[in-house]
Amino acid sequence: DMTADWSVVDDYIAERLISPQERQHATLDANRAAGLPEIDVSAPQGKFLHLLAAAIGARRILEIGTLGGYSTIWFARALPPDGKIVTVEYEPRHAEVARANILREGVAEKVDLRVGAALDVLPQIEAEGGPPFDLAFIDADKANNPAYFAFAVKLARPGALIVVDNVVRDGAVVDPATRDESGLAARRLFDAVAAEPRVTATAVQTVGTKGWDGFLIARVTA
Ligand code: SAM
């Protein structure tokens with residue numbers, strides 16, 4: 001297991017390139033104090049998502065899976081003053097912690113936090129008929145990733161990016177004997193993305209504090 005070495009490098013990256021203010025120590029401390037699982041993105045990943053949103057000039061972002069709002073805040077800080085991230089969280093306890101973090105970090109006006117199961121909330125968002133999203137980040141219950149991806153395509157503008165986290169899972173995605181739920185879900189997601197003519201996509205493997213994993217990134221072309 002190389003995770004210890006990978007973590008040292010993640011720490012190095014964060015110390016060199018990511019400011020203490022960007023790293024959101026208070027958010028991570030609050031999450032830990034509230035007993036939230038430590039399954040947020042890492043600091044280098046959060047910064048990567050932030051840069052991605054800034055690079056495409058995202059004004060509207062959809063996030064599925066808020067947890068304590070760590071990735072939400074990374075995205076919110078990439079938005080213009082009138083930008084918005086709609087983020088969906090199933091667990092009211094997580095949402096409550098996220099709300100406090102989002103307030104403390106001064107981005108509350110840019111965050112629209114919806115509490116509920118994403119498969120219930122996404123049809124509501126669709127029915128509201130708001131402007132399409134420039135970027136979607138899918139990071140909730142992995143079994144529903146194919147359905148979330150389909151929603152993201154539907155709610156996105158042409159040219160939008162869709163990022164799905166945790167699609168490699170220690171290689172479980174290609175292990176024919178795996179019983180790992182998220183590995184099996186990742187395989188179904190790859191099949192769905194490959195069969196979706198309205199996107200062009202790739203996936204990038206990652207190592208770091210979160211072990212060996214990866215994210216899928218798709219661009220909506222139509
Ligand atoms: N994106 C967050 C970050 O990086 O800071 C981490 C999200 S965590 C990996 C996944 C979250 O999805 C958990 O808070 C979990 O409660 C939530 N979740 C699980 N099932 C869900 C569902 N059906 N709808 C919405 N959220 C769900």
# chains A, B, ... in the order shown; residues from 1 in each chain; ligands from 1
>>> select_by_dssp(residues="stretch 58-204 of chain A", states="strand (DSSP E)", output="number ranges by chain")
A: 60-64, 84-89, 111-115, 133-138, 156-165, 199-204
>>> write_last_selection(atoms="C-alpha atoms", output="mmCIF file, in the first residue's frame")
data_model
loop_
_atom_site.group_PDB
_atom_site.id
_atom_site.type_symbol
_atom_site.label_atom_id
_atom_site.label_comp_id
_atom_site.auth_asym_id
_atom_site.auth_seq_id
_atom_site.Cartn_x
_atom_site.Cartn_y
_atom_site.Cartn_z
ATOM 1 C CA ARG A 60 -23.770 27.767 -12.792
ATOM 2 C CA ILE A 61 -22.539 24.545 -11.214
ATOM 3 C CA LEU A 62 -24.464 21.430 -10.179
ATOM 4 C CA GLU A 63 -23.028 19.263 -7.411
ATOM 5 C CA ILE A 64 -24.454 15.945 -6.251
ATOM 6 C CA LYS A 84 -24.464 29.853 -8.301
ATOM 7 C CA ILE A 85 -23.702 26.307 -7.259
ATOM 8 C CA VAL A 86 -26.721 24.103 -6.653
ATOM 9 C CA THR A 87 -25.589 21.283 -4.363
ATOM 10 C CA VAL A 88 -27.667 18.288 -3.296
ATOM 11 C CA GLU A 89 -27.218 16.362 -0.033
ATOM 12 C CA VAL A 111 -24.686 28.319 -2.769
ATOM 13 C CA ASP A 112 -28.158 26.820 -3.189
ATOM 14 C CA LEU A 113 -28.138 23.761 -0.897
ATOM 15 C CA ARG A 114 -30.971 21.273 -1.435
ATOM 16 C CA VAL A 115 -31.598 18.532 1.094
ATOM 17 C CA PHE A 133 -25.338 24.259 -15.914
ATOM 18 C CA ASP A 134 -21.780 24.911 -17.102
ATOM 19 C CA LEU A 135 -20.286 22.204 -14.910
ATOM 20 C CA ALA A 136 -21.580 19.248 -12.909
ATOM 21 C CA PHE A 137 -19.698 17.362 -10.199
ATOM 22 C CA ILE A 138 -21.095 13.944 -9.256
ATOM 23 C CA ALA A 156 -26.094 20.984 -18.980
ATOM 24 C CA ARG A 157 -25.433 23.478 -21.757
ATOM 25 C CA PRO A 158 -23.541 22.375 -24.851
ATOM 26 C CA GLY A 159 -19.858 22.620 -23.973
ATOM 27 C CA ALA A 160 -20.469 21.935 -20.289
ATOM 28 C CA LEU A 161 -18.183 19.641 -18.298
ATOM 29 C CA ILE A 162 -19.339 16.724 -16.157
ATOM 30 C CA VAL A 163 -16.908 15.312 -13.599
ATOM 31 C CA VAL A 164 -17.619 12.039 -11.788
ATOM 32 C CA ASP A 165 -15.405 11.129 -8.828
ATOM 33 C CA VAL A 199 -20.679 13.585 -24.800
ATOM 34 C CA THR A 200 -16.989 13.034 -25.385
ATOM 35 C CA ALA A 201 -15.093 11.767 -22.369
ATOM 36 C CA THR A 202 -12.021 10.364 -20.692
ATOM 37 C CA ALA A 203 -11.035 9.239 -17.209
ATOM 38 C CA VAL A 204 -7.850 10.032 -15.330
#
>>> residues_around(residues="stretch 92-106 of chain A", least_positions_apart="2", cutoff="12 Å", atoms="only C-alpha atoms", output="VMD selection string")
chain A and resid 21 to 38 40 65 to 77 81 85 87 to 90 108 to 117
>>> residues_around(residues="A:Leu189", least_positions_apart="5", cutoff="9 Å", atoms="only C-alpha atoms", output="count of residues only")
8
